[in-house]
Every structure is written in structure tokens, then in C-alpha cells.
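So this one's structure27.tsv, TSV, C-alpha atoms:
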```
chain	number	residue	atom	x	y	z
A	1496	MET	CA	89.37	106.70	99.65
A	1497	THR	CA	88.93	108.69	96.51
A	1498	SER	CA	89.16	112.31	95.47
A	1499	ILE	CA	86.77	114.97	94.26
A	1500	PHE	CA	87.16	118.17	92.26
A	1501	GLU	CA	86.11	121.30	94.10
A	1502	PRO	CA	84.36	124.10	92.20
A	1503	ASN	CA	87.70	125.92	91.95
A	1504	GLY	CA	89.23	122.93	90.18
A	1505	LYS	CA	91.34	121.75	93.12
A	1506	GLN	CA	91.38	118.02	93.79
A	1507	THR	CA	90.60	117.03	97.40
A	1508	ALA	CA	91.26	113.62	98.90
A	1509	CYS	CA	88.07	112.17	100.42
A	1510	THR	CA	86.90	109.15	102.36
A	1511	ILE	CA	83.62	107.48	101.48
A	1512	ILE	CA	81.54	106.65	104.57
A	1513	GLU	CA	78.25	104.79	104.62
A	1514	ALA	CA	76.48	107.03	107.14
A	1515	GLY	CA	73.39	105.11	108.08
A	1516	PRO	CA	70.63	104.16	108.21
A	1517	CYS	CA	71.01	103.88	111.97
A	1518	VAL	CA	67.89	102.61	113.71
A	1519	VAL	CA	67.01	104.06	117.11
A	1520	THR	CA	66.63	100.98	119.32
A	1521	GLN	CA	66.23	102.58	122.76
A	1522	LYS	CA	65.70	106.00	124.24
A	1523	LYS	CA	67.00	106.59	127.76
A	1524	THR	CA	65.73	109.51	129.82
A	1525	VAL	CA	66.55	111.01	133.21
A	1526	ASP	CA	63.26	109.70	134.60
A	1527	THR	CA	63.79	106.07	133.65
A	1528	ASP	CA	67.57	105.66	133.51
A	1529	GLY	CA	69.06	108.69	135.26
A	1530	TYR	CA	70.56	110.17	132.08
A	1531	ASN	CA	69.59	111.08	128.56
A	1532	SER	CA	70.86	109.04	125.65
A	1533	LEU	CA	69.94	107.55	122.33
A	1534	GLN	CA	70.83	103.98	121.45
A	1535	ILE	CA	71.37	103.44	117.74
A	1536	ALA	CA	72.12	100.30	115.73
A	1537	PHE	CA	73.79	99.89	112.36
A	1538	GLY	CA	74.67	97.11	109.94
A	1539	ASP	CA	72.84	93.85	109.34
A	1540	ALA	CA	73.62	90.75	111.38
A	1541	LYS	CA	72.45	87.18	110.85
A	1542	GLU	CA	69.68	86.09	113.16
A	1543	LYS	CA	71.46	82.80	113.97
A	1544	ASN	CA	74.49	84.75	115.21
A	1545	THR	CA	72.45	87.10	117.42
A	1546	PRO	CA	71.53	86.22	121.02
A	1547	GLN	CA	67.80	85.85	121.67
A	1548	ALA	CA	67.93	88.75	124.12
A	1549	LEU	CA	69.21	91.08	121.41
A	1550	ILE	CA	66.74	89.73	118.84
A	1551	ASN	CA	63.89	90.66	121.17
A	1552	HIS	CA	65.52	94.01	121.92
A	1553	PHE	CA	65.63	94.78	118.20
A	1554	ALA	CA	62.07	93.48	117.80
A	1555	LYS	CA	60.91	96.14	120.26
A	1556	ALA	CA	62.13	98.73	117.77
A	1557	SER	CA	60.52	96.58	115.04
A	1558	THR	CA	63.80	96.07	113.20
A	1559	THR	CA	66.01	93.18	112.11
A	1560	PRO	CA	69.17	92.15	114.04
A	1561	LYS	CA	72.00	94.65	113.73
A	1562	SER	CA	75.74	94.15	114.12
A	1563	VAL	CA	76.73	97.38	115.89
A	1564	VAL	CA	74.87	98.96	118.81
A	1565	LYS	CA	76.06	102.29	120.14
A	1566	GLU	CA	74.72	104.58	122.83
A	1567	ILE	CA	75.11	108.33	122.37
A	1568	ARG	CA	74.72	110.50	125.46
A	1569	ASN	CA	72.79	113.77	125.27
A	1570	CYS	CA	72.11	113.28	121.56
A	1571	SER	CA	70.70	116.37	119.88
A	1572	ILE	CA	68.76	114.27	117.35
A	1573	ASP	CA	65.14	113.83	118.40
A	1574	LYS	CA	63.91	110.53	117.01
A	1575	ASN	CA	61.61	107.90	118.45
A	1576	VAL	CA	62.35	104.21	118.86
A	1577	GLY	CA	62.11	102.43	115.52
A	1578	GLU	CA	62.87	105.50	113.44
A	1579	SER	CA	66.12	105.59	111.51
A	1580	ILE	CA	68.78	108.24	111.17
A	1581	THR	CA	70.11	108.68	107.65
A	1582	CYS	CA	72.93	110.65	106.07
A	1583	GLU	CA	70.52	113.53	105.52
A	1584	ILE	CA	71.40	114.95	108.93
A	1585	PHE	CA	74.66	116.08	107.32
A	1586	THR	CA	74.91	119.15	105.14
A	1587	GLU	CA	77.64	119.75	102.61
A	1588	GLY	CA	80.40	122.00	103.92
A	1589	GLU	CA	79.72	121.18	107.56
A	1590	LYS	CA	82.62	120.35	109.92
A	1591	VAL	CA	82.47	116.99	111.71
A	1592	SER	CA	84.64	114.88	113.98
A	1593	VAL	CA	85.23	111.21	113.22
A	1594	ILE	CA	86.01	108.72	115.99
A	1595	GLY	CA	87.45	105.33	115.15
A	1596	THR	CA	90.04	102.72	115.99
A	1597	THR	CA	93.33	103.11	114.15
A	1598	LYS	CA	95.06	100.29	112.33
A	1599	GLY	CA	97.19	98.09	114.59
A	1600	LYS	CA	100.91	98.46	113.90
A	1601	GLY	CA	102.18	95.66	116.13
A	1602	PHE	CA	105.31	95.91	118.32
A	1603	GLN	CA	107.19	99.00	117.18
A	1604	GLY	CA	110.42	100.63	118.28
A	1605	VAL	CA	110.75	104.11	119.74
A	1606	VAL	CA	111.64	105.76	116.44
A	1607	ARG	CA	108.33	104.82	114.83
A	1608	ARG	CA	106.21	104.80	117.99
A	1609	HIS	CA	107.36	108.02	119.66
A	1610	GLY	CA	109.30	109.82	116.95
A	1611	PHE	CA	112.72	109.45	118.62
A	1612	SER	CA	115.72	110.24	116.44
A	1613	GLY	CA	117.77	107.23	117.49
A	1614	VAL	CA	121.26	107.36	118.94
A	1615	GLY	CA	124.53	107.78	117.13
A	1616	GLU	CA	125.62	107.61	113.55
A	1617	ALA	CA	126.22	104.92	110.99
A	1618	THR	CA	130.00	105.34	110.93
A	1619	HIS	CA	132.77	106.55	113.27
A	1620	GLY	CA	133.14	103.17	114.91
A	1621	GLN	CA	129.52	102.82	115.98
A	1622	HIS	CA	127.11	100.12	115.04
A	1623	ASP	CA	123.54	99.00	115.86
A	1624	ARG	CA	122.69	102.31	117.58
A	1625	GLN	CA	120.76	104.13	114.86
A	1626	ARG	CA	117.27	103.28	116.13
A	1627	ALA	CA	118.16	102.81	119.82
A	1628	PRO	CA	116.12	104.55	122.58
A	1629	GLY	CA	119.15	105.88	124.49
A	1630	SER	CA	119.20	106.40	128.24
A	1631	VAL	CA	116.02	105.75	130.25
A	1632	GLY	CA	117.13	107.65	133.34
A	1633	GLY	CA	119.66	108.15	136.12
A	1634	SER	CA	121.63	105.48	137.97
A	1635	SER	CA	121.88	105.31	141.77
A	1636	TYR	CA	119.40	108.16	142.05
A	1637	PRO	CA	116.51	107.48	141.48
A	1638	SER	CA	117.49	103.82	141.00
A	1639	ARG	CA	114.34	103.20	138.98
A	1640	VAL	CA	112.78	104.07	135.66
A	1641	PHE	CA	110.04	106.67	135.89
A	1642	LYS	CA	106.51	105.59	135.07
A	1643	GLY	CA	105.37	106.58	131.64
A	1644	MET	CA	108.88	106.45	130.13
A	1645	ARG	CA	108.40	106.17	126.40
A	1646	MET	CA	109.67	102.81	125.18
A	1647	ALA	CA	109.07	100.31	122.41
A	1648	GLY	CA	105.78	98.43	122.48
A	1649	ARG	CA	102.42	97.83	120.90
A	1650	MET	CA	101.40	100.64	118.60
A	1651	GLY	CA	98.09	101.46	116.94
A	1652	ALA	CA	94.60	100.06	117.48
A	1653	ASP	CA	93.85	103.16	119.57
A	1654	ARG	CA	90.59	105.05	119.76
A	1655	VAL	CA	91.28	108.31	117.97
A	1656	LYS	CA	89.16	111.35	117.21
A	1657	ILE	CA	89.94	113.38	114.11
A	1658	LYS	CA	88.46	116.86	114.36
A	1659	ALA	CA	87.29	119.46	111.85
A	1660	LEU	CA	86.86	117.22	108.81
A	1661	ARG	CA	84.62	118.68	106.15
A	1662	VAL	CA	81.56	116.95	104.70
A	1663	VAL	CA	82.24	117.38	100.99
A	1664	LYS	CA	79.27	115.60	99.45
A	1665	VAL	CA	76.14	113.72	100.52
A	1666	PHE	CA	74.44	110.98	98.47
A	1667	PRO	CA	71.00	110.61	100.10
A	1668	ASP	CA	69.99	107.60	97.95
A	1669	THR	CA	72.73	105.32	99.25
A	1670	ASN	CA	73.59	107.06	102.55
A	1671	TYR	CA	77.15	107.61	101.35
A	1672	ILE	CA	78.92	110.76	102.43
A	1673	LEU	CA	82.30	112.06	101.34
A	1674	ILE	CA	84.52	113.46	104.08
A	1675	SER	CA	87.68	115.41	103.32
A	1676	GLY	CA	90.90	113.70	104.33
A	1677	SER	CA	91.38	110.34	105.97
A	1678	VAL	CA	89.68	108.72	108.95
A	1679	PRO	CA	91.03	106.19	111.48
A	1680	GLY	CA	90.88	102.49	110.76
A	1681	HIS	CA	91.11	100.05	107.93
A	1682	ASN	CA	88.71	99.76	104.99
A	1683	GLY	CA	85.24	98.81	106.17
A	1684	SER	CA	85.82	99.66	109.83
A	1685	ILE	CA	83.11	101.27	111.93
A	1686	VAL	CA	83.45	104.94	112.86
A	1687	LEU	CA	81.34	107.43	114.78
A	1688	ILE	CA	80.67	110.79	113.17
A	1689	GLN	CA	80.02	113.76	115.47
A	1690	ASN	CA	78.95	117.22	114.52
B	1110	MET	CA	78.02	97.90	93.75
B	1111	ASP	CA	80.90	98.86	95.97
B	1112	ALA	CA	81.05	102.35	97.40
B	1113	VAL	CA	84.02	103.65	95.41
B	1114	ALA	CA	82.54	102.50	92.09
B	1115	PHE	CA	79.19	104.07	92.97
B	1116	VAL	CA	80.68	107.42	93.93
B	1117	HIS	CA	82.86	107.46	90.82
B	1118	GLU	CA	79.84	106.77	88.67
B	1119	GLN	CA	77.92	109.61	90.32
B	1120	LEU	CA	80.73	112.11	89.93
B	1121	THR	CA	81.93	111.22	86.46
B	1122	GLY	CA	80.34	113.62	84.07
B	1123	LYS	CA	80.08	113.30	80.33
B	1124	LYS	CA	83.50	113.39	78.74
B	1125	GLU	CA	83.92	114.13	75.11
B	1126	TYR	CA	87.60	113.46	74.83
B	1127	PRO	CA	89.05	111.24	72.10
B	1128	THR	CA	90.42	107.91	73.27
B	1129	PHE	CA	94.18	108.14	73.56
B	1130	LYS	CA	96.92	106.01	75.01
B	1131	ALA	CA	100.63	106.16	75.79
B	1132	GLY	CA	102.66	107.19	72.75
B	1133	ASP	CA	99.97	109.35	71.23
B	1134	ASN	CA	100.62	113.00	70.53
B	1135	ILE	CA	97.87	115.14	72.02
B	1136	THR	CA	97.07	118.75	72.76
B	1137	VAL	CA	95.50	119.50	76.13
B	1138	ASN	CA	93.68	122.82	76.36
B	1139	TYR	CA	93.36	123.72	79.99
B	1140	LYS	CA	91.90	126.67	81.79
B	1141	ILE	CA	94.14	128.98	83.76
B	1142	ILE	CA	92.51	131.29	86.29
B	1143	GLU	CA	94.42	134.51	86.91
B	1144	GLY	CA	92.53	136.61	89.43
B	1145	ASN	CA	89.09	136.89	87.92
B	1146	LYS	CA	90.20	136.23	84.37
B	1147	GLU	CA	90.16	132.81	82.81
B	1148	ARG	CA	92.15	131.91	79.75
B	1149	ILE	CA	92.97	128.72	77.90
B	1150	GLN	CA	96.51	127.48	77.46
B	1151	SER	CA	97.45	124.50	75.37
B	1152	PHE	CA	100.04	121.87	76.15
B	1153	LYS	CA	101.11	119.71	73.21
B	1154	GLY	CA	103.21	116.62	73.66
B	1155	ASP	CA	103.46	112.85	73.82
B	1156	VAL	CA	101.45	110.86	76.36
B	1157	LEU	CA	103.94	109.16	78.66
B	1158	LYS	CA	101.41	107.17	80.64
B	1159	ARG	CA	97.80	106.82	81.59
B	1160	GLN	CA	97.27	106.00	85.22
B	1161	GLY	CA	94.39	104.90	87.40
B	1162	ARG	CA	90.79	104.06	86.74
B	1163	GLY	CA	87.48	105.80	87.22
B	1164	TYR	CA	87.11	109.33	88.46
B	1165	THR	CA	90.68	109.68	89.73
B	1166	ALA	CA	92.39	108.61	86.49
B	1167	SER	CA	95.20	110.81	85.23
B	1168	PHE	CA	97.72	111.02	82.40
B	1169	THR	CA	101.17	112.52	81.87
B	1170	VAL	CA	102.18	114.51	78.80
B	1171	ARG	CA	105.82	115.21	77.91
B	1172	LYS	CA	107.15	117.79	75.52
B	1173	ILE	CA	110.52	119.35	74.76
B	1174	SER	CA	110.36	123.07	75.39
B	1175	ASP	CA	113.47	125.08	74.41
B	1176	GLY	CA	115.56	121.92	74.63
B	1177	VAL	CA	114.30	121.14	78.12
B	1178	GLY	CA	111.98	118.22	78.76
B	1179	VAL	CA	108.72	119.31	80.44
B	1180	GLU	CA	106.20	116.88	81.86
B	1181	ARG	CA	102.73	117.73	83.08
B	1182	LEU	CA	100.28	115.47	84.86
B	1183	PHE	CA	96.60	116.07	84.24
B	1184	PRO	CA	93.67	114.51	86.13
B	1185	LEU	CA	91.44	113.16	83.35
B	1186	TYR	CA	88.19	114.42	84.87
B	1187	SER	CA	89.53	117.80	85.99
B	1188	PRO	CA	86.99	120.56	85.32
B	1189	ASN	CA	89.94	122.72	84.26
B	1190	ILE	CA	90.55	120.65	81.13
B	1191	ASP	CA	88.70	122.41	78.36
B	1192	SER	CA	89.37	119.95	75.55
B	1193	ILE	CA	91.82	117.33	74.33
B	1194	THR	CA	92.69	116.80	70.69
B	1195	LEU	CA	94.49	113.78	69.30
B	1196	ASN	CA	97.17	114.86	66.83
B	1197	LYS	CA	98.95	111.61	66.07
B	1198	ALA	CA	98.46	108.02	67.18
B	1199	GLY	CA	101.81	106.54	68.13
B	1200	SER	CA	102.97	102.96	67.71
B	1201	VAL	CA	104.66	101.86	70.95
B	1202	ARG	CA	105.25	98.55	72.69
B	1203	ARG	CA	104.82	99.70	76.28
B	1204	ALA	CA	102.11	101.25	78.41
B	1205	LYS	CA	104.55	103.52	80.25
B	1206	LEU	CA	107.14	105.33	78.15
B	1207	PHE	CA	109.56	106.39	80.86
B	1208	TYR	CA	112.48	105.41	78.60
B	1209	LEU	CA	111.82	108.62	76.64
B	1210	ARG	CA	113.24	110.57	79.57
B	1211	ASP	CA	116.70	109.20	78.89
B	1212	ARG	CA	116.57	109.94	75.19
B	1213	GLN	CA	116.73	113.06	73.10
B	1214	GLY	CA	116.60	114.03	69.47
B	1215	LYS	CA	116.12	111.32	66.88
B	1216	SER	CA	115.96	108.41	69.30
B	1217	ALA	CA	113.16	110.09	71.26
B	1218	ARG	CA	110.83	109.99	68.31
B	1219	ILE	CA	107.72	107.82	68.34
B	1220	LYS	CA	106.68	106.00	65.19
B	1221	GLU	CA	103.26	106.91	63.92
B	1222	LYS	CA	100.71	104.15	63.93
B	1223	LYS	CA	99.69	103.05	60.47
B	1224	GLN	CA	96.01	103.48	59.87
B	1225	ILE	CA	94.32	100.37	58.52
B	1226	HIS	CA	91.85	101.23	55.81
B	1227	HIS	CA	89.14	98.69	55.30
B	1228	THR	CA	88.00	98.59	51.72
B	1229	ALA	CA	84.64	97.17	50.91
B	1230	LYS	CA	84.68	93.92	48.99
B	1231	ALA	CA	83.19	93.97	45.57
```
Conversion result in C-alpha cells:
Amino acid sequence: MTSIFEPNGKQTACTIIEAGPCVVTQKKTVDTDGYNSLQIAFGDAKEKNTPQALINHFAKASTTPKSVVKEIRNCSIDKNVGESITCEIFTEGEKVSVIGTTKGKGFQGVVRRHGFSGVGEATHGQHDRQRAPGSVGGSSYPSRVFKGMRMAGRMGADRVKIKALRVVKVFPDTNYILISGSVPGHNGSIVLIQN
Amino acid sequence: MDAVAFVHEQLTGKKEYPTFKAGDNITVNYKIIEGNKERIQSFKGDVLKRQGRGYTASFTVRKISDGVGVERLFPLYSPNIDSITLNKAGSVRRAKLFYLRDRQGKSARIKEKKQIHHTAKA
């Protein structure tokens, strides 16, 4: 992340995203596949690490092996197989959504994972209750814990969509775009940008 | 080149500020926008720290105003900074002068750096 000065002098936090080039590797239509979609590929992969089937698939689009392949249903971009999508589809000031996988947080308690307040206080004869989950339900009735009860467990590494982020700046030479605010995932992770 | 360095290089405009460091006494002239009017206000004080690199670098200036310590943090590449003038180069042993916050009066002074004059050999 970095920040940028707006024309009014305000500093805005931004994320740098390498938005492309994404090569169109397959075009699915209602006639051939039953639905419309565009298959795009991004990022270079080594040929020795790519299965022969994929190498030939990429060769059909006359491109080198790619590391990420993603299918986008009902894509509004009209490009043919072999053509690439660059950051120039974005305009400055436009609102976009970013989909990504958040950072994994490991096994977390209910205070961090679900925002519980914990039980009890530090003093007045209590101990070890400050981050406790409290009661999980009744006793003889219903004699069970309801499904979906919020408890401690694995947190993070979820697919998350952040909406209404603003495209602040576009660098067409390098395919970098600046997006206001933060996006899911660690540095260098792959995200999908929707507009 | 990595992405952050590239973007910083693209954004960083020409800066014509003097080089200054912690302990120096500087005047920052910055633009204040009131409605449609724009005027320039100056803030004179000692540089407490310089922080960060590249486009997001910033610095903190401290002055004593009416007996009350006032600190202001400026982003170095802010378009609202009109100019910076270096009044006095200070001689200090640290990069961050937070100890000045606990001092006042004589002990809060910063020694001026002696200028070394190179004389040409005959």
C-alpha cells in the first residue's frame, strides 16, 4: 500500500494492483457450452511446472503458460481468444469491487472472531473469564447446542468482496492501478476486480 | 523495479526544498484553503523527526507557542506545502528528538552546527 495526494491536498491511502495483462484463453457461448463466459489467464508460469494439457490450451490462444486461469460469466468485455485485457479498461474515479481471499488468522477465540465482549471482570473474585464465550444455550431443553452457534475456530482465509472502492490512478505503461483503501489478502495475492 | 518504488517515482514531482534533518530549525510555508480563498501560513520550529521514504515521507516540526509546545506533522510531498526554508542547522546526536518534549527553556535548546569553511591552499 501507499498513499496519494488528491487535488484538494488530502492524502488518501491506496493499494497498488497490477491489473493485467490478462490473456483471453477461451470464449464460451450458449451454442457451444450452454452459457456465456470469458476465460482469462494472468501471471507467467514455468513451462516445466505446467501440465501438457494446459500448455496446449494456452498454445491455442498463442500465449505462454500462465499461473492463474479464471472464468468470468457474462463478461461485458468483448475480446477474442488471444487478445489481452489491460488496465486501460479502468477509468480514474470509477467505482469497482475487489474480490480476494483474506489473510488467515488461525484458531481465534470468540472475542476476536465474532466480536464478543467476554464474560466478567478482572477483579471482584473472578479470574480467567475476560475472553470467555459465556453460555451456549439452555440445559434440559433443548438439550443440545443450536447449529451455527458462534464459537472459537479458524478465522480468515475467506473469500471476501469489498465494494465501492475508487480507482484513483491508472498507469497504462505498467498496468498498475491505484485503488483507494485496502483489499483482501496478503502482499502479492491474486484478486479479481469487478466494475 | 517493484510496484511501490515505481509508483512513488511516477508521483514524486520536482521538489525544491533544502535538505534538512532532525534538529534543524526550519520554516514551513503551507497553504490554507478557507472557502475559495487560499493563503499561506508559516510554521517555524525545530525538526523533531523525519519519517518514511519515498512519496509518503513526512516530518514533524515542534515550536513553543505562548509557552505551550505545538507539534505539526507535514507530509513532505504534500501539494499544500508552498516552500520550506532552513533557518539554522542543528547539531544533535539522534535522529528522533523526542526528548525535547520533556524539556523546556534553556535545556530545550539545540546547539547550532558549526559550518566548516574550506580555504583554498596556496
Once you count all atoms listed in the file, which residues of chain B turn out to be within 10 Å of chain A? Could you give them as a count of residues only? 20
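Atom CA of Gly1538 of chain A is found 25.1 Å from atom CA of Thr1524 of chain A.
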Do you know which residues are at most 9 Å from segment 1564-1581 of chain A counting all atoms listed in the file, after dropping those on the same chain fewer than 6 positions away, and could you put them as an mmCIF file with C-alpha atoms, in the frame of the given file?
```cif
data_model
loop_
_atom_site.group_PDB
_atom_site.id
_atom_site.type_symbol
_atom_site.label_atom_id
_atom_site.label_comp_id
_atom_site.auth_asym_id
_atom_site.auth_seq_id
_atom_site.Cartn_x
_atom_site.Cartn_y
_atom_site.Cartn_z
ATOM 1 C CA ALA A 1514 76.480 107.030 107.140
ATOM 2 C CA GLY A 1515 73.390 105.110 108.080
ATOM 3 C CA PRO A 1516 70.630 104.160 108.210
ATOM 4 C CA CYS A 1517 71.010 103.880 111.970
ATOM 5 C CA VAL A 1518 67.890 102.610 113.710
ATOM 6 C CA VAL A 1519 67.010 104.060 117.110
ATOM 7 C CA THR A 1520 66.630 100.980 119.320
ATOM 8 C CA GLN A 1521 66.230 102.580 122.760
ATOM 9 C CA LYS A 1522 65.700 106.000 124.240
ATOM 10 C CA LYS A 1523 67.000 106.590 127.760
ATOM 11 C CA TYR A 1530 70.560 110.170 132.080
ATOM 12 C CA ASN A 1531 69.590 111.080 128.560
ATOM 13 C CA SER A 1532 70.860 109.040 125.650
ATOM 14 C CA LEU A 1533 69.940 107.550 122.330
ATOM 15 C CA GLN A 1534 70.830 103.980 121.450
ATOM 16 C CA ILE A 1535 71.370 103.440 117.740
ATOM 17 C CA ALA A 1536 72.120 100.300 115.730
ATOM 18 C CA PHE A 1537 73.790 99.890 112.360
ATOM 19 C CA PHE A 1553 65.630 94.780 118.200
ATOM 20 C CA LYS A 1555 60.910 96.140 120.260
ATOM 21 C CA ALA A 1556 62.130 98.730 117.770
ATOM 22 C CA SER A 1557 60.520 96.580 115.040
ATOM 23 C CA THR A 1558 63.800 96.070 113.200
ATOM 24 C CA PRO A 1667 71.000 110.610 100.100
ATOM 25 C CA ASN A 1670 73.590 107.060 102.550
#
```
Report the distance between atom CA of Asn1138 of chain B and atom CA of Gln1224 of chain B in Å, rounded to one decimal place. 25.5 Å
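Our summary of the geometry notes that atom CA of Lys1215 of chain B is positioned 24.3 Å from atom CA of Leu1182 of chain B.
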Between segment 1526-1607 of chain A and segment 1612-1621 of chain A, at 12 Å or less, what are the per-residue closest atom pairs and their distances in Å? Count all atoms listed in the file, order by chain and rising residue number, and return it as a tab-separated table.
```
residue	atom	partner	partner_atom	distance
A:Gly1604	CA	A:Gly1613	CA	9.9
A:Val1605	CA	A:Gly1613	CA	8.0
A:Val1606	CA	A:Ser1612	CA	6.1
A:Arg1607	CA	A:Ser1612	CA	9.3
```
Radius query 8 Å about (99.0, 125.0, 76.3), atoms used: only C-alpha atoms, as a ChimeraX atom specification: /B:1136-1139,1149-1153
Output file for the selection above: C-alpha atoms, as a compact mmCIF listing (two decimals), in the coordinates of the input:
```
# COMPACT_ATOMS: atom_id res chain seq x y z
CA THR B 1136 97.07 118.75 72.76
CA VAL B 1137 95.50 119.50 76.13
CA ASN B 1138 93.68 122.82 76.36
CA TYR B 1139 93.36 123.72 79.99
CA ILE B 1149 92.97 128.72 77.90
CA GLN B 1150 96.51 127.48 77.46
CA SER B 1151 97.45 124.50 75.37
CA PHE B 1152 100.04 121.87 76.15
CA LYS B 1153 101.11 119.71 73.21
```
Near Asp1539 of chain A, counting all atoms listed in the file, which residues have an atom at most 10 Å away, once you skip same-chain residues fewer than 6 positions from it, shown as JSON, numbers by chain? {"A": [1559, 1560, 1561, 1562, 1563]}
Any chance you could export the current selection's C-alpha atoms as a CSV table (one decimal), in the coordinates of the input?
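For reference, selection.csv as written:
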```csv
chain,number,residue,atom,x,y,z
A,1559,THR,CA,66.0,93.2,112.1
A,1560,PRO,CA,69.2,92.2,114.0
A,1561,LYS,CA,72.0,94.6,113.7
A,1562,SER,CA,75.7,94.2,114.1
A,1563,VAL,CA,76.7,97.4,115.9
```
List the spatial neighbours of Ser1677 of chain A as a ChimeraX atom specification - criterion: any atom at most 12 Å away, all atoms listed in the file, same-chain residues fewer than 3 positions off excluded. /A:1496-1498,1507-1512,1592-1595,1597,1656-1662,1673-1674,1680-1682,1686
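Within 10 Å of Val1170 of chain B, once all atoms listed in the file are used and residues closer than 2 positions along the same chain are dropped, the contacting residues are Ala1131, Gly1132, Asp1133, Asn1134, Ile1135, Thr1136, Val1137, Phe1152, Lys1153, Gly1154, Asp1155, Val1156, Leu1157, Lys1158, Arg1159, Phe1168, Lys1172, Val1179, Glu1180, Arg1181, Leu1182 and Phe1183 of chain B.
Considering only C-alpha atoms, the residue among A:Asp1653, A:Gly1683, A:Asp1668, A:Gln1689 positioned nearest to Gly1599 of chain A is A:Asp1653.
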Centre, x/y/z edge lengths, axis-aligned box for segment 1654-1664 of chain A with 4 Å per side, as AutoDock Vina command-line options:
```
--center_x 85.3 --center_y 112.3 --center_z 109.6 --size_x 20.0 --size_y 22.4 --size_z 28.3
```
